[in-house]
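Data file: start_18.pdb. Format and content: PDB, C-alpha atoms and all ligand atoms.
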```
MODEL        1
ATOM      1  CA  MET B  27     132.680  70.968 172.073  1.00  0.00           C
ATOM      2  CA  ASN B  28     132.724  73.702 169.426  1.00  0.00           C
ATOM      3  CA  SER B  29     130.071  76.379 169.168  1.00  0.00           C
ATOM      4  CA  VAL B  30     128.039  74.608 166.466  1.00  0.00           C
ATOM      5  CA  ALA B  31     127.966  71.445 168.550  1.00  0.00           C
ATOM      6  CA  ILE B  32     126.785  73.381 171.583  1.00  0.00           C
ATOM      7  CA  ILE B  33     124.005  75.008 169.573  1.00  0.00           C
ATOM      8  CA  TRP B  34     123.068  71.605 168.147  1.00  0.00           C
ATOM      9  CA  HIS B  35     122.935  70.188 171.638  1.00  0.00           C
ATOM     10  CA  GLN B  36     120.583  72.958 172.688  1.00  0.00           C
ATOM     11  CA  ILE B  37     118.403  72.431 169.637  1.00  0.00           C
ATOM     12  CA  LEU B  38     118.153  68.722 170.418  1.00  0.00           C
ATOM     13  CA  TRP B  39     117.060  69.576 173.930  1.00  0.00           C
ATOM     14  CA  ILE B  40     114.457  72.102 172.761  1.00  0.00           C
ATOM     15  CA  PHE B  41     113.284  69.582 170.174  1.00  0.00           C
ATOM     16  CA  GLU B  42     112.858  66.835 172.763  1.00  0.00           C
ATOM     17  CA  VAL B  43     110.854  69.068 175.086  1.00  0.00           C
ATOM     18  CA  LYS B  44     108.703  70.333 172.217  1.00  0.00           C
ATOM     19  CA  LEU B  45     108.163  66.833 170.915  1.00  0.00           C
ATOM     20  CA  LEU B  46     107.048  65.662 174.313  1.00  0.00           C
ATOM     21  CA  ILE B  47     104.501  68.471 174.541  1.00  0.00           C
ATOM     22  CA  THR B  48     103.213  68.237 170.993  1.00  0.00           C
ATOM     23  CA  ARG B  49     102.952  64.446 171.019  1.00  0.00           C
ATOM     24  CA  LYS B  50     100.010  64.982 173.295  1.00  0.00           C
ATOM     25  CA  LEU B  51      98.493  67.343 170.721  1.00  0.00           C
ATOM     26  CA  LYS B  52      98.338  66.731 166.998  1.00  0.00           C
ATOM     27  CA  MET B  53     100.769  65.033 164.602  1.00  0.00           C
ATOM     28  CA  LYS B  54     100.716  68.141 162.393  1.00  0.00           C
ATOM     29  CA  LYS B  55     102.385  70.144 165.107  1.00  0.00           C
ATOM     30  CA  VAL B  56     105.184  67.588 165.443  1.00  0.00           C
ATOM     31  CA  LEU B  57     105.915  67.919 161.737  1.00  0.00           C
ATOM     32  CA  LYS B  58     105.996  71.689 162.070  1.00  0.00           C
ATOM     33  CA  ASN B  59     108.518  71.352 164.864  1.00  0.00           C
ATOM     34  CA  VAL B  60     110.739  69.086 162.799  1.00  0.00           C
ATOM     35  CA  SER B  61     111.069  71.731 160.071  1.00  0.00           C
ATOM     36  CA  PHE B  62     111.634  74.339 162.766  1.00  0.00           C
ATOM     37  CA  VAL B  63     114.593  72.316 164.049  1.00  0.00           C
ATOM     38  CA  PHE B  64     116.137  72.061 160.603  1.00  0.00           C
ATOM     39  CA  LEU B  65     115.695  75.794 160.034  1.00  0.00           C
ATOM     40  CA  LEU B  66     117.591  76.424 163.258  1.00  0.00           C
ATOM     41  CA  LEU B  67     120.196  73.879 162.276  1.00  0.00           C
ATOM     42  CA  LYS B  68     120.800  75.687 158.981  1.00  0.00           C
ATOM     43  CA  MET B  69     121.184  78.957 160.848  1.00  0.00           C
ATOM     44  CA  CYS B  70     123.684  77.499 163.288  1.00  0.00           C
ATOM     45  CA  LEU B  71     125.751  76.202 160.372  1.00  0.00           C
ATOM     46  CA  ILE B  72     125.806  79.648 158.801  1.00  0.00           C
ATOM     47  CA  PHE B  73     126.812  81.335 162.047  1.00  0.00           C
ATOM     48  CA  GLY B  74     129.074  78.534 163.317  1.00  0.00           C
ATOM     49  CA  GLN B  75     132.810  78.895 163.354  1.00  0.00           C
ATOM     50  CA  GLU B  76     133.534  75.770 161.378  1.00  0.00           C
ATOM     51  CA  THR B  77     136.070  76.206 158.598  1.00  0.00           C
ATOM     52  CA  SER B  78     135.078  75.014 155.130  1.00  0.00           C
ATOM     53  CA  ALA B  79     137.983  72.562 154.927  1.00  0.00           C
ATOM     54  CA  GLN B  80     137.054  70.868 158.185  1.00  0.00           C
ATOM     55  CA  LYS B  81     135.748  67.338 157.728  1.00  0.00           C
ATOM     56  CA  ARG B  82     132.346  66.741 159.252  1.00  0.00           C
ATOM     57  CA  ILE B  83     131.603  63.528 161.113  1.00  0.00           C
ATOM     58  CA  VAL B  84     128.355  62.504 162.702  1.00  0.00           C
ATOM     59  CA  ILE B  85     128.844  60.097 165.571  1.00  0.00           C
ATOM     60  CA  ASP B  86     125.638  58.271 166.243  1.00  0.00           C
ATOM     61  CA  VAL B  87     125.594  57.340 169.922  1.00  0.00           C
ATOM     62  CA  GLY B  88     123.551  54.128 170.026  1.00  0.00           C
ATOM     63  CA  HIS B  89     120.431  53.637 172.178  1.00  0.00           C
ATOM     64  CA  GLY B  90     119.703  56.013 175.112  1.00  0.00           C
ATOM     65  CA  GLY B  91     116.906  56.848 177.540  1.00  0.00           C
ATOM     66  CA  LYS B  92     114.578  53.906 178.093  1.00  0.00           C
ATOM     67  CA  ASP B  93     116.499  51.905 175.482  1.00  0.00           C
ATOM     68  CA  SER B  94     119.561  50.715 177.404  1.00  0.00           C
ATOM     69  CA  GLY B  95     120.874  48.489 174.611  1.00  0.00           C
ATOM     70  CA  ALA B  96     122.782  45.410 175.736  1.00  0.00           C
ATOM     71  CA  ILE B  97     123.421  44.864 179.428  1.00  0.00           C
ATOM     72  CA  GLY B  98     126.838  43.561 180.420  1.00  0.00           C
ATOM     73  CA  VAL B  99     127.752  40.618 182.655  1.00  0.00           C
ATOM     74  CA  ASN B 100     128.703  43.238 185.245  1.00  0.00           C
ATOM     75  CA  GLY B 101     125.508  45.255 184.788  1.00  0.00           C
ATOM     76  CA  ILE B 102     126.964  48.017 182.587  1.00  0.00           C
ATOM     77  CA  GLN B 103     124.629  49.314 179.927  1.00  0.00           C
ATOM     78  CA  GLU B 104     125.525  49.737 176.271  1.00  0.00           C
ATOM     79  CA  LYS B 105     123.900  53.213 176.116  1.00  0.00           C
ATOM     80  CA  ASP B 106     126.303  54.506 178.820  1.00  0.00           C
ATOM     81  CA  VAL B 107     129.423  52.874 177.380  1.00  0.00           C
ATOM     82  CA  VAL B 108     128.896  54.371 173.913  1.00  0.00           C
ATOM     83  CA  LEU B 109     128.010  57.831 175.294  1.00  0.00           C
ATOM     84  CA  ASN B 110     131.211  57.842 177.363  1.00  0.00           C
ATOM     85  CA  ILE B 111     133.266  56.807 174.335  1.00  0.00           C
ATOM     86  CA  ALA B 112     131.638  59.524 172.193  1.00  0.00           C
ATOM     87  CA  ASN B 113     132.279  62.193 174.826  1.00  0.00           C
ATOM     88  CA  ALA B 114     135.913  61.075 175.089  1.00  0.00           C
ATOM     89  CA  ILE B 115     136.237  61.395 171.285  1.00  0.00           C
ATOM     90  CA  LEU B 116     134.921  64.986 171.578  1.00  0.00           C
ATOM     91  CA  LYS B 117     137.470  65.657 174.321  1.00  0.00           C
ATOM     92  CA  PHE B 118     140.393  64.442 172.167  1.00  0.00           C
ATOM     93  CA  ASN B 119     139.074  66.410 169.225  1.00  0.00           C
ATOM     94  CA  SER B 120     138.724  69.662 171.180  1.00  0.00           C
ATOM     95  CA  THR B 121     142.404  69.642 172.159  1.00  0.00           C
ATOM     96  CA  ALA B 122     143.661  68.837 168.657  1.00  0.00           C
ATOM     97  CA  GLU B 123     145.529  71.369 166.562  1.00  0.00           C
ATOM     98  CA  LYS B 124     143.360  70.565 163.531  1.00  0.00           C
ATOM     99  CA  PRO B 125     140.059  69.343 165.007  1.00  0.00           C
ATOM    100  CA  LEU B 126     137.376  67.604 162.969  1.00  0.00           C
ATOM    101  CA  GLY B 127     133.795  68.886 162.917  1.00  0.00           C
ATOM    102  CA  ILE B 128     132.273  66.195 165.123  1.00  0.00           C
ATOM    103  CA  TYR B 129     128.547  66.117 165.938  1.00  0.00           C
ATOM    104  CA  LEU B 130     126.838  63.586 168.170  1.00  0.00           C
ATOM    105  CA  THR B 131     123.277  62.402 167.648  1.00  0.00           C
ATOM    106  CA  ARG B 132     122.819  62.645 171.408  1.00  0.00           C
ATOM    107  CA  TYR B 133     124.885  64.328 174.123  1.00  0.00           C
ATOM    108  CA  THR B 134     122.900  63.006 177.048  1.00  0.00           C
ATOM    109  CA  ASP B 135     121.013  59.904 178.150  1.00  0.00           C
ATOM    110  CA  THR B 136     118.066  60.393 175.847  1.00  0.00           C
ATOM    111  CA  LEU B 137     116.411  58.353 173.110  1.00  0.00           C
ATOM    112  CA  ILE B 138     116.528  59.695 169.539  1.00  0.00           C
ATOM    113  CA  SER B 139     114.653  57.880 166.766  1.00  0.00           C
ATOM    114  CA  LEU B 140     116.771  55.983 164.237  1.00  0.00           C
ATOM    115  CA  SER B 141     115.518  58.125 161.390  1.00  0.00           C
ATOM    116  CA  ASP B 142     116.312  61.410 163.206  1.00  0.00           C
ATOM    117  CA  ARG B 143     119.863  60.116 163.669  1.00  0.00           C
ATOM    118  CA  THR B 144     120.258  59.653 159.924  1.00  0.00           C
ATOM    119  CA  LYS B 145     118.536  63.001 159.197  1.00  0.00           C
ATOM    120  CA  LEU B 146     121.278  64.762 161.157  1.00  0.00           C
ATOM    121  CA  GLY B 147     123.933  63.127 158.964  1.00  0.00           C
ATOM    122  CA  LYS B 148     122.121  64.229 155.816  1.00  0.00           C
ATOM    123  CA  ALA B 149     121.317  67.758 157.052  1.00  0.00           C
ATOM    124  CA  LEU B 150     124.957  68.325 157.966  1.00  0.00           C
ATOM    125  CA  LYS B 151     126.161  66.760 154.690  1.00  0.00           C
ATOM    126  CA  ALA B 152     128.574  64.743 156.788  1.00  0.00           C
ATOM    127  CA  ASP B 153     131.713  63.201 155.311  1.00  0.00           C
ATOM    128  CA  LEU B 154     131.290  60.133 157.488  1.00  0.00           C
ATOM    129  CA  PHE B 155     128.576  58.619 159.696  1.00  0.00           C
ATOM    130  CA  VAL B 156     129.770  56.372 162.523  1.00  0.00           C
ATOM    131  CA  SER B 157     127.273  54.555 164.726  1.00  0.00           C
ATOM    132  CA  LEU B 158     128.663  53.370 168.072  1.00  0.00           C
ATOM    133  CA  HIS B 159     127.439  50.160 169.706  1.00  0.00           C
ATOM    134  CA  CYS B 160     128.621  47.274 171.872  1.00  0.00           C
ATOM    135  CA  ASN B 161     127.845  43.668 171.182  1.00  0.00           C
ATOM    136  CA  HIS B 162     126.086  40.896 173.096  1.00  0.00           C
ATOM    137  CA  SER B 163     125.961  37.156 172.550  1.00  0.00           C
ATOM    138  CA  ASP B 164     124.525  34.102 174.300  1.00  0.00           C
ATOM    139  CA  ASN B 165     127.966  32.566 173.814  1.00  0.00           C
ATOM    140  CA  PRO B 166     130.050  33.970 176.687  1.00  0.00           C
ATOM    141  CA  ASN B 167     133.243  33.327 174.700  1.00  0.00           C
ATOM    142  CA  ALA B 168     132.247  35.600 171.782  1.00  0.00           C
ATOM    143  CA  ARG B 169     134.628  38.561 171.693  1.00  0.00           C
ATOM    144  CA  GLY B 170     136.155  41.140 169.372  1.00  0.00           C
ATOM    145  CA  VAL B 171     135.159  44.058 167.195  1.00  0.00           C
ATOM    146  CA  GLU B 172     132.668  43.867 164.342  1.00  0.00           C
ATOM    147  CA  VAL B 173     132.032  46.552 161.756  1.00  0.00           C
ATOM    148  CA  TYR B 174     128.859  46.672 159.714  1.00  0.00           C
ATOM    149  CA  VAL B 175     128.315  48.486 156.424  1.00  0.00           C
ATOM    150  CA  SER B 176     125.186  48.724 154.314  1.00  0.00           C
ATOM    151  CA  ASN B 177     124.351  45.816 152.003  1.00  0.00           C
ATOM    152  CA  GLN B 178     123.007  48.297 149.400  1.00  0.00           C
ATOM    153  CA  ARG B 179     125.076  49.428 146.426  1.00  0.00           C
ATOM    154  CA  SER B 180     126.503  52.895 146.785  1.00  0.00           C
ATOM    155  CA  MET B 181     129.390  54.987 145.546  1.00  0.00           C
ATOM    156  CA  PHE B 182     130.351  55.424 149.226  1.00  0.00           C
ATOM    157  CA  LEU B 183     130.484  51.736 150.096  1.00  0.00           C
ATOM    158  CA  ASP B 184     134.188  51.228 149.303  1.00  0.00           C
ATOM    159  CA  GLU B 185     135.165  54.092 151.599  1.00  0.00           C
ATOM    160  CA  ALA B 186     132.959  52.696 154.370  1.00  0.00           C
ATOM    161  CA  ILE B 187     134.511  49.214 154.036  1.00  0.00           C
ATOM    162  CA  TRP B 188     138.029  50.690 153.914  1.00  0.00           C
ATOM    163  CA  PHE B 189     137.406  52.697 157.086  1.00  0.00           C
ATOM    164  CA  GLY B 190     135.984  49.584 158.786  1.00  0.00           C
ATOM    165  CA  PHE B 191     139.081  47.495 158.035  1.00  0.00           C
ATOM    166  CA  GLN B 192     141.425  50.322 159.061  1.00  0.00           C
ATOM    167  CA  LEU B 193     139.674  50.781 162.384  1.00  0.00           C
ATOM    168  CA  GLN B 194     139.678  47.053 163.127  1.00  0.00           C
ATOM    169  CA  ALA B 195     143.388  46.852 162.308  1.00  0.00           C
ATOM    170  CA  ASP B 196     144.127  49.801 164.625  1.00  0.00           C
ATOM    171  CA  LEU B 197     142.003  48.426 167.495  1.00  0.00           C
ATOM    172  CA  ASN B 198     143.757  45.088 167.093  1.00  0.00           C
ATOM    173  CA  GLU B 199     147.254  46.516 166.915  1.00  0.00           C
ATOM    174  CA  LYS B 200     146.928  49.163 169.630  1.00  0.00           C
ATOM    175  CA  LEU B 201     144.452  47.592 172.081  1.00  0.00           C
ATOM    176  CA  GLY B 202     144.523  43.871 171.259  1.00  0.00           C
ATOM    177  CA  PHE B 203     140.864  43.567 170.166  1.00  0.00           C
ATOM    178  CA  GLU B 204     140.182  40.594 167.914  1.00  0.00           C
ATOM    179  CA  SER B 205     138.827  41.518 164.465  1.00  0.00           C
ATOM    180  CA  ARG B 206     135.596  39.781 163.508  1.00  0.00           C
ATOM    181  CA  GLY B 207     135.505  41.332 160.040  1.00  0.00           C
ATOM    182  CA  VAL B 208     133.515  43.911 158.134  1.00  0.00           C
ATOM    183  CA  ARG B 209     130.012  42.595 157.500  1.00  0.00           C
ATOM    184  CA  LEU B 210     127.109  43.637 155.292  1.00  0.00           C
ATOM    185  CA  ALA B 211     123.776  44.390 156.948  1.00  0.00           C
ATOM    186  CA  ASN B 212     120.460  46.085 156.246  1.00  0.00           C
ATOM    187  CA  PHE B 213     120.388  48.234 159.416  1.00  0.00           C
ATOM    188  CA  LEU B 214     118.247  51.377 159.115  1.00  0.00           C
ATOM    189  CA  VAL B 215     121.012  53.826 160.110  1.00  0.00           C
ATOM    190  CA  LEU B 216     123.250  52.364 157.388  1.00  0.00           C
ATOM    191  CA  ARG B 217     120.548  51.997 154.753  1.00  0.00           C
ATOM    192  CA  GLU B 218     119.380  55.610 155.109  1.00  0.00           C
ATOM    193  CA  THR B 219     122.852  57.174 155.054  1.00  0.00           C
ATOM    194  CA  ILE B 220     124.898  55.196 152.525  1.00  0.00           C
ATOM    195  CA  ASP B 221     123.494  57.040 149.496  1.00  0.00           C
ATOM    196  CA  PHE B 222     124.848  60.291 150.942  1.00  0.00           C
ATOM    197  CA  MET B 223     128.072  59.460 152.798  1.00  0.00           C
ATOM    198  CA  PRO B 224     130.219  56.513 153.886  1.00  0.00           C
ATOM    199  CA  SER B 225     128.570  55.019 156.964  1.00  0.00           C
ATOM    200  CA  VAL B 226     129.636  52.312 159.391  1.00  0.00           C
ATOM    201  CA  LEU B 227     128.195  50.731 162.522  1.00  0.00           C
ATOM    202  CA  LEU B 228     130.789  49.663 165.082  1.00  0.00           C
ATOM    203  CA  GLU B 229     130.260  46.899 167.626  1.00  0.00           C
ATOM    204  CA  LEU B 230     133.050  47.692 170.073  1.00  0.00           C
ATOM    205  CA  GLY B 231     133.458  44.448 171.985  1.00  0.00           C
ATOM    206  CA  PHE B 232     131.036  42.102 173.756  1.00  0.00           C
ATOM    207  CA  LEU B 233     129.391  43.180 177.012  1.00  0.00           C
ATOM    208  CA  SER B 234     128.475  39.495 177.475  1.00  0.00           C
ATOM    209  CA  ASN B 235     132.149  38.513 177.588  1.00  0.00           C
ATOM    210  CA  GLU B 236     133.786  38.598 181.006  1.00  0.00           C
ATOM    211  CA  ASP B 237     137.103  40.091 179.781  1.00  0.00           C
ATOM    212  CA  GLU B 238     135.656  42.666 177.428  1.00  0.00           C
ATOM    213  CA  GLY B 239     132.842  43.523 179.843  1.00  0.00           C
ATOM    214  CA  SER B 240     135.278  44.383 182.615  1.00  0.00           C
ATOM    215  CA  TYR B 241     137.511  46.238 180.155  1.00  0.00           C
ATOM    216  CA  LEU B 242     134.561  48.412 179.067  1.00  0.00           C
ATOM    217  CA  LEU B 243     133.742  49.162 182.696  1.00  0.00           C
ATOM    218  CA  LYS B 244     136.938  51.189 183.174  1.00  0.00           C
ATOM    219  CA  PRO B 245     136.895  54.875 182.167  1.00  0.00           C
ATOM    220  CA  GLU B 246     140.552  54.678 181.052  1.00  0.00           C
ATOM    221  CA  SER B 247     139.659  51.850 178.625  1.00  0.00           C
ATOM    222  CA  LEU B 248     136.939  53.990 177.079  1.00  0.00           C
ATOM    223  CA  ASP B 249     139.486  56.795 176.690  1.00  0.00           C
ATOM    224  CA  SER B 250     141.837  54.376 174.909  1.00  0.00           C
ATOM    225  CA  LEU B 251     139.052  53.234 172.575  1.00  0.00           C
ATOM    226  CA  ALA B 252     138.086  56.848 171.872  1.00  0.00           C
ATOM    227  CA  SER B 253     141.669  57.827 171.174  1.00  0.00           C
ATOM    228  CA  VAL B 254     142.147  54.997 168.630  1.00  0.00           C
ATOM    229  CA  ILE B 255     138.853  55.837 166.913  1.00  0.00           C
ATOM    230  CA  TRP B 256     139.698  59.553 166.780  1.00  0.00           C
ATOM    231  CA  GLU B 257     143.192  58.920 165.368  1.00  0.00           C
ATOM    232  CA  CYS B 258     141.698  56.598 162.764  1.00  0.00           C
ATOM    233  CA  LEU B 259     139.205  59.313 161.764  1.00  0.00           C
ATOM    234  CA  ILE B 260     142.002  61.852 161.371  1.00  0.00           C
ATOM    235  CA  LYS B 261     144.186  59.416 159.431  1.00  0.00           C
ATOM    236  CA  ASN B 262     141.449  58.403 157.025  1.00  0.00           C
ATOM    237  CA  LEU B 263     139.572  61.647 156.551  1.00  0.00           C
ATOM    238  CA  ASP B 264     142.621  63.793 155.933  1.00  0.00           C
ATOM    239  CA  GLY B 265     142.756  62.778 152.299  1.00  0.00           C
ATOM    240  CA  TYR B 266     138.997  63.105 151.705  1.00  0.00           C
ATOM    241  CA  GLU B 267     137.611  66.077 149.824  1.00  0.00           C
ATOM    242  CA  ARG B 268     134.561  67.679 151.431  1.00  0.00           C
ATOM    243  CA  ILE B 269     131.561  66.032 149.782  1.00  0.00           C
ATOM    244  CA  GLY B 270     128.922  68.564 150.806  1.00  0.00           C
ATOM    245  CA  ASP B 271     128.478  72.341 150.385  1.00  0.00           C
TER     246      ASP B 271
HETATM  247 ZN    ZN J   1     123.466  48.517 170.113  1.00  0.00          ZN
ENDMDL
END
```
Please go through the file and, once you have read it, give me the structure as structure tokens.
Amino acid sequence: MNSVAIIWHQILWIFEVKLLITRKLKMKKVLKNVSFVFLLLKMCLIFGQETSAQKRIVIDVGHGGKDSGAIGVNGIQEKDVVLNIANAILKFNSTAEKPLGIYLTRYTDTLISLSDRTKLGKALKADLFVSLHCNHSDNPNARGVEVYVSNQRSMFLDEAIWFGFQLQADLNEKLGFESRGVRLANFLVLRETIDFMPSVLLELGFLSNEDEGSYLLKPESLDSLASVIWECLIKNLDGYERIGD
């Protein structure tokens, strides 16, 4: 984790504690705290050690806290699977020669609102927003990887779709995941980011499927998934110009 990410993690923690306290008081105070967080965030960007050429990616770690997301056939919870994958991505990134600027929307088992997740992407002027999830279906045979992009028009939509197809191809080739296609959806995290950056929501296998559920239970599988995602980020973002600043 680089220094900016550590500071961001601390800010999130302070923010959560403050929010908890002020929720019991008045709404006005909550709003004040939100602007306080973004002031701190700006400061940490100024004092961070990120280089200007470094691509910035926000990884939105789905669910968290009391929202467990989908529950697997074997009892594993979506919120834990995606947090472990995100942390493994950070680990690969931290040992890379040319690391990306990766920021998570949560670093712990805590619930962040959907709109705060997208605000982080916008405040950081991210080059890409990637929301991590796992799928669930009543059909126990449903399996594979789905990628969702916003159904709104945007200059960033082509890049989002391209990244989605690339990632599916890599997960298929390297790990044997079936590709279920790139689909259009009106999810809030996509809708509120696509005007500012390419954004995708990944459904990384079905927790309701016996095979994929037991695959996602193993820490080494999550490392493999993280490694393919990280390599795909590097491969695709290398050619991108920084959009922000
Ligand atoms: Zn989910």
Legend entry - Nearby residues, ligand ZN 1 (chain J), 9 Å, all atoms listed in the file, as an NGL selection string: :B and (88-89 or 94-96 or 104-105 or 108 or 157-162 or 228-229)
Legend entry - Separation of atom CA of B:Lys124 from atom CA of B:Cys258, in Å and rounded to one decimal: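 Between these atoms lies a distance of 14.1 Å.
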Inset, instruction - Step by step, work through what the PyMOL selection byres (((chain B and resi 249) around 12) and not hetatm) selects in the shown file, and finish by giving those residues as a list in words. - result: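 That selection, the PyMOL selection byres (((chain B and resi 249) around 12) and not hetatm), comes back as Val107, Val108, Leu109, Asn110, Ile111, Ala112, Asn113, Ala114, Ile115, Leu116, Lys117, Phe118, Leu201, Tyr241, Leu242, Leu243, Lys244, Pro245, Glu246, Ser247, Leu248, Ser250, Leu251, Ala252, Ser253, Val254, Ile255 and Trp256 of chain B.
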Legend entry - Output check: residues returned by the PyMOL selection byres (((chain B and resi 132) around 9) and not hetatm), as a list in words: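 When the PyMOL selection byres (((chain B and resi 132) around 9) and not hetatm) is applied, the selected residues are His35, Leu38, Ile85, Asp86, Val87, Gly88, Gly90, Leu109, Tyr129, Leu130, Thr131, Tyr133, Thr134, Asp135, Thr136, Leu137, Ile138 and Arg143 of chain B.
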Box centre and edge lengths (Å, one decimal), axis-aligned, stretch 186-196 of chain B plus 8 Å each side, as AutoDock Vina command-line options:
```
--center_x 138.5 --center_y 49.8 --center_z 159.3 --size_x 27.2 --size_y 21.8 --size_z 26.7
```
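Distance annotation: of B:Lys151, B:Ser225, B:Leu259, B:Gly127, the residue with the minimal separation from B:Leu183 is B:Ser225; atom set is all atoms listed in the file.
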Legend entry - Residue neighbourhood stretch 208-217 of chain B, 9 Å, all atoms listed in the file, exclusion window fewer than 2 positions, as a list in words: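 Counting all atoms listed in the file, the residues come to Asp86, Leu140, Ser141, Arg143, Thr144, Phe155, Ser157, Glu172, Val173, Tyr174, Val175, Ser176, Asn177, Gln178, Ile187, Gly190, Phe191, Gln194, Ser205, Arg206, Thr219, Ile220, Asp221, Pro224, Ser225, Val226 and Leu227 of chain B.
For the atom pair formed by atom CA of B:Ile83 and atom CA of B:Arg169, the distance is 27.3 Å, given to one decimal.
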Inset, instruction - Figure out the distance between atom CA of B:Phe203 and atom CA of B:Leu263, please, to one decimal in Å. - result: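 The value is 22.7 Å.
Applied to the file shown here, the PyMOL selection byres (((chain B and resi 81) around 6) and not hetatm) selects B:Gln80, B:Arg82, B:Leu126, B:Gly127.
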Legend entry - Using all atoms listed in the file: which of B:Val99, B:Leu230, B:Val84, B:Ala122 has the shortest distance to B:Asp164: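 Ranked by minimum distance to B:Asp164, first place goes to B:Val99.
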